[in-house]
$ cat run32.cif   # mmCIF, N, CA and C atoms
data_start
loop_
_atom_site.label_atom_id
_atom_site.label_comp_id
_atom_site.auth_asym_id
_atom_site.auth_seq_id
_atom_site.Cartn_x
_atom_site.Cartn_y
_atom_site.Cartn_z
N MET A 848 143.14 87.24 86.79
CA MET A 848 142.51 87.75 87.98
C MET A 848 143.15 89.09 88.33
N SER A 849 142.33 90.13 88.52
CA SER A 849 142.86 91.45 88.85
C SER A 849 143.19 91.54 90.33
N SER A 850 144.04 92.49 90.67
CA SER A 850 144.42 92.66 92.07
C SER A 850 143.23 93.05 92.93
N GLU A 851 142.19 93.68 92.34
CA GLU A 851 141.01 94.07 93.10
C GLU A 851 140.20 92.86 93.56
N SER A 852 140.37 91.72 92.88
CA SER A 852 139.59 90.54 93.25
C SER A 852 140.27 89.70 94.33
N ILE A 853 141.49 90.07 94.71
CA ILE A 853 142.22 89.34 95.73
C ILE A 853 141.89 89.93 97.09
N ILE A 854 141.49 89.09 98.03
CA ILE A 854 141.22 89.56 99.38
C ILE A 854 142.56 89.84 100.06
N ARG A 855 142.67 90.98 100.66
CA ARG A 855 143.92 91.38 101.31
C ARG A 855 144.08 90.66 102.63
N ASP A 856 145.27 90.79 103.20
CA ASP A 856 145.57 90.17 104.49
C ASP A 856 144.58 90.64 105.55
N PRO A 857 144.19 89.76 106.46
CA PRO A 857 143.26 90.16 107.52
C PRO A 857 143.85 91.27 108.40
N ILE A 858 142.97 92.11 108.91
CA ILE A 858 143.36 93.14 109.86
C ILE A 858 142.57 92.94 111.14
N ALA A 859 143.03 93.53 112.19
CA ALA A 859 142.30 93.47 113.46
C ALA A 859 141.12 94.44 113.40
N TYR A 860 140.07 94.15 114.14
CA TYR A 860 138.90 95.03 114.18
C TYR A 860 139.31 96.42 114.64
N ALA A 861 140.28 96.49 115.53
CA ALA A 861 140.77 97.79 116.01
C ALA A 861 141.31 98.65 114.86
N ASP A 862 141.91 98.01 113.83
CA ASP A 862 142.38 98.75 112.67
C ASP A 862 141.21 99.38 111.92
N PHE A 863 140.14 98.64 111.75
CA PHE A 863 138.94 99.15 111.09
C PHE A 863 138.35 100.32 111.88
N GLU A 864 138.33 100.20 113.20
CA GLU A 864 137.75 101.26 114.04
C GLU A 864 138.51 102.58 113.92
N ARG A 865 139.76 102.55 113.50
CA ARG A 865 140.55 103.78 113.35
C ARG A 865 140.12 104.58 112.12
N ILE A 866 139.46 103.95 111.17
CA ILE A 866 138.99 104.65 109.97
C ILE A 866 137.64 105.27 110.30
N ASP A 867 137.55 106.58 110.21
CA ASP A 867 136.33 107.30 110.57
C ASP A 867 135.54 107.61 109.30
N ILE A 868 134.57 106.75 109.00
CA ILE A 868 133.72 106.91 107.81
C ILE A 868 132.39 107.49 108.27
N ARG A 869 132.04 108.64 107.69
CA ARG A 869 130.82 109.36 108.07
C ARG A 869 129.95 109.62 106.85
N VAL A 870 128.67 109.87 107.14
CA VAL A 870 127.73 110.26 106.09
C VAL A 870 127.57 111.78 106.14
N GLY A 871 127.46 112.37 104.96
CA GLY A 871 127.24 113.81 104.86
C GLY A 871 126.40 114.12 103.63
N THR A 872 125.89 115.33 103.59
CA THR A 872 125.06 115.78 102.47
C THR A 872 125.85 116.77 101.62
N VAL A 873 125.85 116.54 100.32
CA VAL A 873 126.53 117.45 99.38
C VAL A 873 125.74 118.75 99.34
N VAL A 874 126.42 119.85 99.71
CA VAL A 874 125.77 121.16 99.71
C VAL A 874 126.19 122.01 98.51
N ASP A 875 127.29 121.63 97.87
CA ASP A 875 127.72 122.31 96.65
C ASP A 875 128.59 121.33 95.86
N ALA A 876 128.55 121.45 94.55
CA ALA A 876 129.37 120.62 93.67
C ALA A 876 129.67 121.43 92.42
N GLN A 877 130.94 121.39 92.02
CA GLN A 877 131.36 122.19 90.87
C GLN A 877 132.33 121.38 90.01
N PRO A 878 132.31 121.60 88.71
CA PRO A 878 133.30 120.94 87.85
C PRO A 878 134.71 121.31 88.31
N PHE A 879 135.65 120.41 88.07
CA PHE A 879 137.05 120.65 88.46
C PHE A 879 137.93 120.45 87.23
N PRO A 880 137.89 121.40 86.28
CA PRO A 880 138.63 121.23 85.03
C PRO A 880 140.15 121.24 85.20
N GLU A 881 140.65 121.77 86.32
CA GLU A 881 142.10 121.81 86.54
C GLU A 881 142.67 120.46 86.97
N ALA A 882 141.83 119.52 87.35
CA ALA A 882 142.30 118.20 87.79
C ALA A 882 142.90 117.44 86.61
N ARG A 883 143.90 116.58 86.90
CA ARG A 883 144.53 115.78 85.84
C ARG A 883 143.53 114.82 85.20
N LYS A 884 142.68 114.19 86.03
CA LYS A 884 141.62 113.31 85.54
C LYS A 884 140.29 114.01 85.80
N PRO A 885 139.29 113.81 84.94
CA PRO A 885 138.01 114.49 85.15
C PRO A 885 137.48 114.27 86.57
N ALA A 886 137.14 115.38 87.23
CA ALA A 886 136.70 115.30 88.62
C ALA A 886 135.67 116.38 88.92
N ILE A 887 135.08 116.26 90.09
CA ILE A 887 134.11 117.22 90.59
C ILE A 887 134.55 117.64 91.99
N LYS A 888 134.48 118.95 92.27
CA LYS A 888 134.74 119.45 93.61
C LYS A 888 133.44 119.38 94.40
N LEU A 889 133.52 118.82 95.60
CA LEU A 889 132.35 118.67 96.45
C LEU A 889 132.55 119.42 97.76
N TRP A 890 131.47 119.98 98.28
CA TRP A 890 131.42 120.52 99.63
C TRP A 890 130.35 119.69 100.33
N ILE A 891 130.76 118.98 101.39
CA ILE A 891 129.90 118.00 102.04
C ILE A 891 129.68 118.41 103.49
N ASP A 892 128.42 118.50 103.90
CA ASP A 892 128.07 118.88 105.27
C ASP A 892 127.92 117.62 106.12
N PHE A 893 128.84 117.45 107.07
CA PHE A 893 128.79 116.31 107.99
C PHE A 893 128.10 116.69 109.30
N GLY A 894 127.60 117.91 109.39
CA GLY A 894 126.89 118.36 110.58
C GLY A 894 127.79 118.51 111.79
N GLY A 895 127.20 118.94 112.89
CA GLY A 895 127.87 119.01 114.18
C GLY A 895 129.28 119.55 114.16
N ALA A 896 130.16 118.87 114.89
CA ALA A 896 131.54 119.33 115.07
C ALA A 896 132.37 119.23 113.80
N ILE A 897 132.00 118.35 112.89
CA ILE A 897 132.80 118.19 111.66
C ILE A 897 132.51 119.31 110.67
N GLY A 898 131.27 119.65 110.49
CA GLY A 898 130.88 120.74 109.60
C GLY A 898 131.04 120.39 108.13
N VAL A 899 131.26 121.41 107.31
CA VAL A 899 131.39 121.25 105.86
C VAL A 899 132.86 121.01 105.52
N LYS A 900 133.10 119.95 104.75
CA LYS A 900 134.45 119.61 104.29
C LYS A 900 134.45 119.52 102.77
N ARG A 901 135.62 119.71 102.18
CA ARG A 901 135.77 119.68 100.72
C ARG A 901 136.38 118.35 100.28
N SER A 902 136.01 117.93 99.06
CA SER A 902 136.56 116.71 98.49
C SER A 902 136.60 116.84 96.98
N SER A 903 137.66 116.29 96.38
CA SER A 903 137.75 116.17 94.94
C SER A 903 137.49 114.70 94.63
N ALA A 904 136.55 114.44 93.73
CA ALA A 904 136.19 113.05 93.43
C ALA A 904 136.03 112.87 91.92
N GLN A 905 136.53 111.75 91.41
CA GLN A 905 136.45 111.44 89.99
C GLN A 905 135.10 110.79 89.69
N LEU A 906 134.07 111.62 89.67
CA LEU A 906 132.69 111.15 89.54
C LEU A 906 132.03 111.51 88.23
N SER A 907 132.74 112.20 87.35
CA SER A 907 132.09 112.84 86.20
C SER A 907 131.50 111.88 85.17
N VAL A 908 131.82 110.60 85.22
CA VAL A 908 131.22 109.65 84.27
C VAL A 908 129.73 109.48 84.56
N HIS A 909 129.38 109.30 85.84
CA HIS A 909 127.98 109.00 86.20
C HIS A 909 127.22 110.17 86.81
N TYR A 910 127.92 111.22 87.22
CA TYR A 910 127.26 112.28 87.99
C TYR A 910 127.56 113.65 87.41
N ALA A 911 126.53 114.49 87.35
CA ALA A 911 126.68 115.90 87.00
C ALA A 911 126.69 116.68 88.32
N PRO A 912 127.50 117.73 88.42
CA PRO A 912 127.58 118.45 89.69
C PRO A 912 126.23 118.87 90.26
N ASP A 913 125.35 119.42 89.43
CA ASP A 913 124.06 119.90 89.95
C ASP A 913 123.17 118.76 90.44
N ARG A 914 123.39 117.54 90.00
CA ARG A 914 122.59 116.38 90.43
C ARG A 914 123.10 115.80 91.75
N LEU A 915 124.28 116.23 92.19
CA LEU A 915 124.85 115.74 93.45
C LEU A 915 124.38 116.53 94.66
N ILE A 916 123.98 117.78 94.45
CA ILE A 916 123.57 118.63 95.57
C ILE A 916 122.33 118.03 96.23
N GLY A 917 122.41 117.88 97.56
CA GLY A 917 121.33 117.30 98.35
C GLY A 917 121.45 115.80 98.54
N ARG A 918 122.38 115.17 97.87
CA ARG A 918 122.59 113.71 97.97
C ARG A 918 123.49 113.40 99.16
N GLN A 919 123.14 112.37 99.91
CA GLN A 919 124.01 111.91 100.98
C GLN A 919 125.06 110.96 100.42
N ILE A 920 126.28 111.09 100.93
CA ILE A 920 127.39 110.24 100.50
C ILE A 920 128.18 109.82 101.73
N CYS A 921 129.09 108.88 101.55
CA CYS A 921 129.97 108.44 102.63
C CYS A 921 131.40 108.85 102.31
N ALA A 922 132.14 109.21 103.37
CA ALA A 922 133.52 109.65 103.18
C ALA A 922 134.35 109.33 104.41
N VAL A 923 135.65 109.15 104.19
CA VAL A 923 136.60 109.02 105.30
C VAL A 923 136.96 110.44 105.71
N VAL A 924 136.73 110.76 106.99
CA VAL A 924 136.95 112.14 107.45
C VAL A 924 138.24 112.31 108.26
N ASN A 925 138.97 111.21 108.51
CA ASN A 925 140.17 111.36 109.34
C ASN A 925 141.49 111.07 108.60
N PHE A 926 141.49 111.18 107.28
CA PHE A 926 142.75 111.19 106.55
C PHE A 926 143.26 112.62 106.53
N PRO A 927 144.57 112.83 106.42
CA PRO A 927 145.07 114.21 106.32
C PRO A 927 144.60 114.84 105.01
N PRO A 928 144.42 116.16 104.99
CA PRO A 928 144.04 116.85 103.75
C PRO A 928 145.09 116.60 102.67
N ARG A 929 144.62 116.66 101.41
CA ARG A 929 145.51 116.39 100.28
C ARG A 929 145.30 117.47 99.22
N GLN A 930 146.38 118.05 98.77
CA GLN A 930 146.31 119.07 97.73
C GLN A 930 146.12 118.39 96.38
N ILE A 931 145.03 118.74 95.68
CA ILE A 931 144.75 118.22 94.35
C ILE A 931 144.76 119.44 93.42
N GLY A 932 145.89 119.68 92.77
CA GLY A 932 146.02 120.89 91.96
C GLY A 932 145.80 122.11 92.84
N PRO A 933 144.92 123.03 92.44
CA PRO A 933 144.68 124.23 93.24
C PRO A 933 143.65 124.03 94.36
N PHE A 934 143.19 122.81 94.56
CA PHE A 934 142.09 122.52 95.50
C PHE A 934 142.58 121.64 96.64
N MET A 935 142.22 122.00 97.87
CA MET A 935 142.58 121.18 99.03
C MET A 935 141.41 120.24 99.34
N SER A 936 141.65 118.93 99.18
CA SER A 936 140.64 117.91 99.46
C SER A 936 140.81 117.48 100.92
N GLU A 937 139.75 117.63 101.71
CA GLU A 937 139.83 117.38 103.15
C GLU A 937 139.31 116.01 103.57
N VAL A 938 138.49 115.39 102.74
CA VAL A 938 137.93 114.06 103.04
C VAL A 938 138.01 113.19 101.79
N LEU A 939 137.98 111.88 101.98
CA LEU A 939 138.01 110.94 100.86
C LEU A 939 136.59 110.42 100.61
N THR A 940 135.99 110.87 99.51
CA THR A 940 134.67 110.42 99.13
C THR A 940 134.78 108.96 98.67
N LEU A 941 133.85 108.12 99.12
CA LEU A 941 133.94 106.69 98.85
C LEU A 941 133.05 106.25 97.70
N GLY A 942 133.60 105.37 96.88
CA GLY A 942 132.86 104.82 95.75
C GLY A 942 133.41 103.45 95.39
N MET A 943 132.73 102.80 94.50
CA MET A 943 133.12 101.49 93.98
C MET A 943 133.16 101.58 92.47
N PRO A 944 134.02 100.78 91.82
CA PRO A 944 134.08 100.83 90.36
C PRO A 944 132.93 100.04 89.72
N ASP A 945 132.39 100.60 88.64
CA ASP A 945 131.43 99.82 87.86
C ASP A 945 132.21 98.90 86.92
N ALA A 946 131.56 98.26 85.97
CA ALA A 946 132.22 97.30 85.07
C ALA A 946 133.31 97.94 84.22
N GLU A 947 133.22 99.27 84.00
CA GLU A 947 134.24 99.97 83.21
C GLU A 947 135.18 100.78 84.10
N ALA A 948 135.15 100.56 85.40
CA ALA A 948 136.01 101.21 86.39
C ALA A 948 135.64 102.66 86.68
N ALA A 949 134.46 103.10 86.28
CA ALA A 949 133.98 104.44 86.64
C ALA A 949 133.41 104.38 88.05
N VAL A 950 133.55 105.47 88.79
CA VAL A 950 133.15 105.49 90.20
C VAL A 950 131.64 105.59 90.36
N VAL A 951 131.12 104.73 91.25
CA VAL A 951 129.73 104.76 91.69
C VAL A 951 129.78 105.06 93.19
N LEU A 952 129.09 106.11 93.62
CA LEU A 952 129.15 106.55 95.01
C LEU A 952 128.58 105.53 95.99
N ILE A 953 129.18 105.52 97.18
CA ILE A 953 128.65 104.74 98.31
C ILE A 953 127.75 105.69 99.10
N ARG A 954 126.53 105.27 99.35
CA ARG A 954 125.59 106.11 100.09
C ARG A 954 124.57 105.25 100.80
N PRO A 955 123.94 105.79 101.84
CA PRO A 955 122.93 105.01 102.57
C PRO A 955 121.66 104.85 101.72
N ASP A 956 120.94 103.76 101.97
CA ASP A 956 119.67 103.51 101.28
C ASP A 956 118.58 104.48 101.72
N PHE A 957 118.66 104.94 102.96
CA PHE A 957 117.66 105.85 103.53
C PHE A 957 118.37 107.08 104.06
N VAL A 958 117.65 108.19 104.21
CA VAL A 958 118.24 109.40 104.78
C VAL A 958 118.55 109.13 106.25
N VAL A 959 119.77 109.46 106.63
CA VAL A 959 120.22 109.30 108.02
C VAL A 959 120.80 110.64 108.47
N PRO A 960 120.95 110.85 109.78
CA PRO A 960 121.51 112.13 110.23
C PRO A 960 122.95 112.32 109.73
N ASP A 961 123.23 113.53 109.22
CA ASP A 961 124.59 113.86 108.78
C ASP A 961 125.55 113.68 109.95
N GLY A 962 126.72 113.15 109.65
CA GLY A 962 127.72 112.92 110.67
C GLY A 962 127.69 111.52 111.25
N GLY A 963 126.66 110.73 110.90
CA GLY A 963 126.57 109.37 111.40
C GLY A 963 127.79 108.56 110.99
N ARG A 964 128.28 107.75 111.91
CA ARG A 964 129.52 106.99 111.67
C ARG A 964 129.19 105.56 111.23
N LEU A 965 129.90 105.10 110.22
CA LEU A 965 129.78 103.72 109.76
C LEU A 965 130.31 102.78 110.82
N PHE A 966 129.57 101.72 111.08
CA PHE A 966 130.06 100.69 112.02
C PHE A 966 129.75 99.33 111.49
#

$ encode --input "run32.cif" --output "structure tokens"
Amino acid sequence: MSSESIIRDPIAYADFERIDIRVGTVVDAQPFPEARKPAIKLWIDFGGAIGVKRSSAQLSVHYAPDRLIGRQICAVVNFPPRQIGPFMSEVLTLGMPDAEAAVVLIRPDFVVPDGGRLF
């Protein structure tokens, strides 16, 4: 049994509320050859007060950069920025592993307003 299949200790709902997960639209995506693991640089528009934020995501198995533009995705917007090589990643793009552990993006089934918060 892998560690991913073990349910972690329960948390309070207030802990979940502290994580700010928003939907945004990818407005630009570029290969990130300088990353240690194959990755794509994303610019995601969360609209309103959040605006456009950058993210480095290991998506290159299933996604080509040009196919990501215009796609809505979900990301954590309240983690501190993280330097990934020469690129500053400002949000954590969310995904789930497929059967071979490659990332599959988390996204809404229908178009929703950018900046909408997961609840």

$ closest_atom_pairs --input "run32.cif" --of "stretch 850-878 of chain A" --to "stretch 920-933 of chain A" --cutoff "7 Å" --atoms "only C-alpha atoms" --output "JSON lines"
{"residue": "A:Ile866", "atom": "CA", "partner": "A:Val923", "partner_atom": "CA", "distance": 6.8}
{"residue": "A:Asp867", "atom": "CA", "partner": "A:Val923", "partner_atom": "CA", "distance": 5.6}
{"residue": "A:Ile868", "atom": "CA", "partner": "A:Val923", "partner_atom": "CA", "distance": 4.4}
{"residue": "A:Arg869", "atom": "CA", "partner": "A:Cys921", "partner_atom": "CA", "distance": 5.6}
{"residue": "A:Val870", "atom": "CA", "partner": "A:Cys921", "partner_atom": "CA", "distance": 4.5}
{"residue": "A:Gly871", "atom": "CA", "partner": "A:Ile920", "partner_atom": "CA", "distance": 5.6}
{"residue": "A:Thr872", "atom": "CA", "partner": "A:Ile920", "partner_atom": "CA", "distance": 6.3}

$ resolve_selection --input "run32.cif" --expression "the PyMOL selection byres ((chain A and resi 878) around 6)" --output "ChimeraX atom specification"
/A:876-877,879-880,886-888,912

$ atom_distance --input "run32.cif" --atom1 "atom C of A:Ala911" --atom2 "atom CA of A:Asp875"
10.1 Å

$ closest_residue --input "run32.cif" --among "A:Arg865, A:Lys884, A:Lys900, A:Arg918" --to "A:Arg954" --atoms "only C-alpha atoms"
A:Arg918

$ residues_near_point --input "run32.cif" --point "(135.5, 118.9, 108.9)" --cutoff "8 Å" --atoms "only C-alpha atoms" --output "JSON, numbers by chain"
{"A": [893, 896, 897, 898, 899, 900, 924, 937, 938]}

$ atom_distance --input "run32.cif" --atom1 "atom N of A:His909" --atom2 "atom C of A:Leu941"
12.8 Å

$ select_by_dssp --input "run32.cif" --residues "stretch 905-952 of chain A" --states "strand (DSSP E)" --output "ChimeraX atom specification"
/A:919-923,929-931,934-936,939-940,942-944,950-952

$ write_last_selection --input "run32.cif" --atoms "N, CA and C atoms" --output "tab-separated table (two decimals), keeping the file's coordinate frame"
chain	number	residue	atom	x	y	z
A	919	GLN	N	123.14	112.37	99.91
A	919	GLN	CA	124.01	111.91	100.98
A	919	GLN	C	125.06	110.96	100.42
A	920	ILE	N	126.28	111.09	100.93
A	920	ILE	CA	127.39	110.24	100.50
A	920	ILE	C	128.18	109.82	101.73
A	921	CYS	N	129.09	108.88	101.55
A	921	CYS	CA	129.97	108.44	102.63
A	921	CYS	C	131.40	108.85	102.31
A	922	ALA	N	132.14	109.21	103.37
A	922	ALA	CA	133.52	109.65	103.18
A	922	ALA	C	134.35	109.33	104.41
A	923	VAL	N	135.65	109.15	104.19
A	923	VAL	CA	136.60	109.02	105.30
A	923	VAL	C	136.96	110.44	105.71
A	929	ARG	N	144.62	116.66	101.41
A	929	ARG	CA	145.51	116.39	100.28
A	929	ARG	C	145.30	117.47	99.22
A	930	GLN	N	146.38	118.05	98.77
A	930	GLN	CA	146.31	119.07	97.73
A	930	GLN	C	146.12	118.39	96.38
A	931	ILE	N	145.03	118.74	95.68
A	931	ILE	CA	144.75	118.22	94.35
A	931	ILE	C	144.76	119.44	93.42
A	934	PHE	N	143.19	122.81	94.56
A	934	PHE	CA	142.09	122.52	95.50
A	934	PHE	C	142.58	121.64	96.64
A	935	MET	N	142.22	122.00	97.87
A	935	MET	CA	142.58	121.18	99.03
A	935	MET	C	141.41	120.24	99.34
A	936	SER	N	141.65	118.93	99.18
A	936	SER	CA	140.64	117.91	99.46
A	936	SER	C	140.81	117.48	100.92
A	939	LEU	N	137.98	111.88	101.98
A	939	LEU	CA	138.01	110.94	100.86
A	939	LEU	C	136.59	110.42	100.61
A	940	THR	N	135.99	110.87	99.51
A	940	THR	CA	134.67	110.42	99.13
A	940	THR	C	134.78	108.96	98.67
A	942	GLY	N	133.60	105.37	96.88
A	942	GLY	CA	132.86	104.82	95.75
A	942	GLY	C	133.41	103.45	95.39
A	943	MET	N	132.73	102.80	94.50
A	943	MET	CA	133.12	101.49	93.98
A	943	MET	C	133.16	101.58	92.47
A	944	PRO	N	134.02	100.78	91.82
A	944	PRO	CA	134.08	100.83	90.36
A	944	PRO	C	132.93	100.04	89.72
A	950	VAL	N	133.55	105.47	88.79
A	950	VAL	CA	133.15	105.49	90.20
A	950	VAL	C	131.64	105.59	90.36
A	951	VAL	N	131.12	104.73	91.25
A	951	VAL	CA	129.73	104.76	91.69
A	951	VAL	C	129.78	105.06	93.19
A	952	LEU	N	129.09	106.11	93.62
A	952	LEU	CA	129.15	106.55	95.01
A	952	LEU	C	128.58	105.53	95.99

$ closest_residue --input "run32.cif" --among "A:Val874, A:Ala949, A:Ile858, A:Met943" --to "A:Ser907" --atoms "all atoms listed in the file"
A:Ala949

$ closest_residue --input "run32.cif" --among "A:Arg914, A:Phe863, A:Val959, A:Ser902" --to "A:Ser936" --atoms "all atoms listed in the file"
A:Ser902

$ atom_distance --input "run32.cif" --atom1 "atom C of A:Gly894" --atom2 "atom N of A:Gly942"
20.7 Å

$ select_by_dssp --input "run32.cif" --residues "chain A" --states "alpha helix (DSSP H)" --output "PyMOL selection string"
chain A and resi 860-864+912-915

$ closest_residue --input "run32.cif" --among "A:Leu915, A:Ala882, A:Ala904, A:Val958" --to "A:Leu939" --atoms "only C-alpha atoms"
A:Ala904

$ closest_residue --input "run32.cif" --among "A:Ile853, A:Thr940, A:Asp945, A:Ala861" --to "A:Leu889" --atoms "only C-alpha atoms"
A:Thr940

$ closest_residue --input "run32.cif" --among "A:Val951, A:Ile854, A:Ala859, A:Leu965" --to "A:Gln905" --atoms "only N, CA and C atoms"
A:Val951

$ build_atoms --input "run32.cif" --residues "stretch 854-870 of chain A" --atoms "N, CA, C and O atoms" --output "PDB file, in the frame of the given file"
ATOM      1  N   ILE A 854     141.490  89.090  98.030  1.00  0.00           N
ATOM      2  CA  ILE A 854     141.220  89.560  99.380  1.00  0.00           C
ATOM      3  C   ILE A 854     142.560  89.840 100.060  1.00  0.00           C
ATOM      4  O   ILE A 854     143.458  89.006 100.048  1.00  0.00           O
ATOM      5  N   ARG A 855     142.670  90.980 100.660  1.00  0.00           N
ATOM      6  CA  ARG A 855     143.920  91.380 101.310  1.00  0.00           C
ATOM      7  C   ARG A 855     144.080  90.660 102.630  1.00  0.00           C
ATOM      8  O   ARG A 855     143.160  90.040 103.142  1.00  0.00           O
ATOM      9  N   ASP A 856     145.270  90.790 103.200  1.00  0.00           N
ATOM     10  CA  ASP A 856     145.570  90.170 104.490  1.00  0.00           C
ATOM     11  C   ASP A 856     144.580  90.640 105.550  1.00  0.00           C
ATOM     12  O   ASP A 856     144.186  91.818 105.557  1.00  0.00           O
ATOM     13  N   PRO A 857     144.190  89.760 106.460  1.00  0.00           N
ATOM     14  CA  PRO A 857     143.260  90.160 107.520  1.00  0.00           C
ATOM     15  C   PRO A 857     143.850  91.270 108.400  1.00  0.00           C
ATOM     16  O   PRO A 857     145.064  91.360 108.580  1.00  0.00           O
ATOM     17  N   ILE A 858     142.970  92.110 108.910  1.00  0.00           N
ATOM     18  CA  ILE A 858     143.360  93.140 109.860  1.00  0.00           C
ATOM     19  C   ILE A 858     142.570  92.940 111.140  1.00  0.00           C
ATOM     20  O   ILE A 858     141.533  92.268 111.141  1.00  0.00           O
ATOM     21  N   ALA A 859     143.030  93.530 112.190  1.00  0.00           N
ATOM     22  CA  ALA A 859     142.300  93.470 113.460  1.00  0.00           C
ATOM     23  C   ALA A 859     141.120  94.440 113.400  1.00  0.00           C
ATOM     24  O   ALA A 859     141.172  95.455 112.699  1.00  0.00           O
ATOM     25  N   TYR A 860     140.070  94.150 114.140  1.00  0.00           N
ATOM     26  CA  TYR A 860     138.900  95.030 114.180  1.00  0.00           C
ATOM     27  C   TYR A 860     139.310  96.420 114.640  1.00  0.00           C
ATOM     28  O   TYR A 860     138.779  97.426 114.175  1.00  0.00           O
ATOM     29  N   ALA A 861     140.280  96.490 115.530  1.00  0.00           N
ATOM     30  CA  ALA A 861     140.770  97.790 116.010  1.00  0.00           C
ATOM     31  C   ALA A 861     141.310  98.650 114.860  1.00  0.00           C
ATOM     32  O   ALA A 861     141.181  99.869 114.882  1.00  0.00           O
ATOM     33  N   ASP A 862     141.910  98.010 113.830  1.00  0.00           N
ATOM     34  CA  ASP A 862     142.380  98.750 112.670  1.00  0.00           C
ATOM     35  C   ASP A 862     141.210  99.380 111.920  1.00  0.00           C
ATOM     36  O   ASP A 862     141.272 100.536 111.504  1.00  0.00           O
ATOM     37  N   PHE A 863     140.140  98.640 111.750  1.00  0.00           N
ATOM     38  CA  PHE A 863     138.940  99.150 111.090  1.00  0.00           C
ATOM     39  C   PHE A 863     138.350 100.320 111.880  1.00  0.00           C
ATOM     40  O   PHE A 863     137.929 101.330 111.299  1.00  0.00           O
ATOM     41  N   GLU A 864     138.330 100.200 113.200  1.00  0.00           N
ATOM     42  CA  GLU A 864     137.750 101.260 114.040  1.00  0.00           C
ATOM     43  C   GLU A 864     138.510 102.580 113.920  1.00  0.00           C
ATOM     44  O   GLU A 864     137.938 103.634 114.193  1.00  0.00           O
ATOM     45  N   ARG A 865     139.760 102.550 113.500  1.00  0.00           N
ATOM     46  CA  ARG A 865     140.550 103.780 113.350  1.00  0.00           C
ATOM     47  C   ARG A 865     140.120 104.580 112.120  1.00  0.00           C
ATOM     48  O   ARG A 865     140.384 105.779 112.049  1.00  0.00           O
ATOM     49  N   ILE A 866     139.460 103.950 111.170  1.00  0.00           N
ATOM     50  CA  ILE A 866     138.990 104.650 109.970  1.00  0.00           C
ATOM     51  C   ILE A 866     137.640 105.270 110.300  1.00  0.00           C
ATOM     52  O   ILE A 866     136.689 104.563 110.641  1.00  0.00           O
ATOM     53  N   ASP A 867     137.550 106.580 110.210  1.00  0.00           N
ATOM     54  CA  ASP A 867     136.330 107.300 110.570  1.00  0.00           C
ATOM     55  C   ASP A 867     135.540 107.610 109.300  1.00  0.00           C
ATOM     56  O   ASP A 867     135.828 108.580 108.583  1.00  0.00           O
ATOM     57  N   ILE A 868     134.570 106.750 109.000  1.00  0.00           N
ATOM     58  CA  ILE A 868     133.720 106.910 107.810  1.00  0.00           C
ATOM     59  C   ILE A 868     132.390 107.490 108.270  1.00  0.00           C
ATOM     60  O   ILE A 868     131.708 106.918 109.124  1.00  0.00           O
ATOM     61  N   ARG A 869     132.040 108.640 107.690  1.00  0.00           N
ATOM     62  CA  ARG A 869     130.820 109.360 108.070  1.00  0.00           C
ATOM     63  C   ARG A 869     129.950 109.620 106.850  1.00  0.00           C
ATOM     64  O   ARG A 869     130.412 109.635 105.725  1.00  0.00           O
ATOM     65  N   VAL A 870     128.670 109.870 107.140  1.00  0.00           N
ATOM     66  CA  VAL A 870     127.730 110.260 106.090  1.00  0.00           C
ATOM     67  C   VAL A 870     127.570 111.780 106.140  1.00  0.00           C
ATOM     68  O   VAL A 870     127.595 112.389 107.215  1.00  0.00           O
TER      69      VAL A 870
END
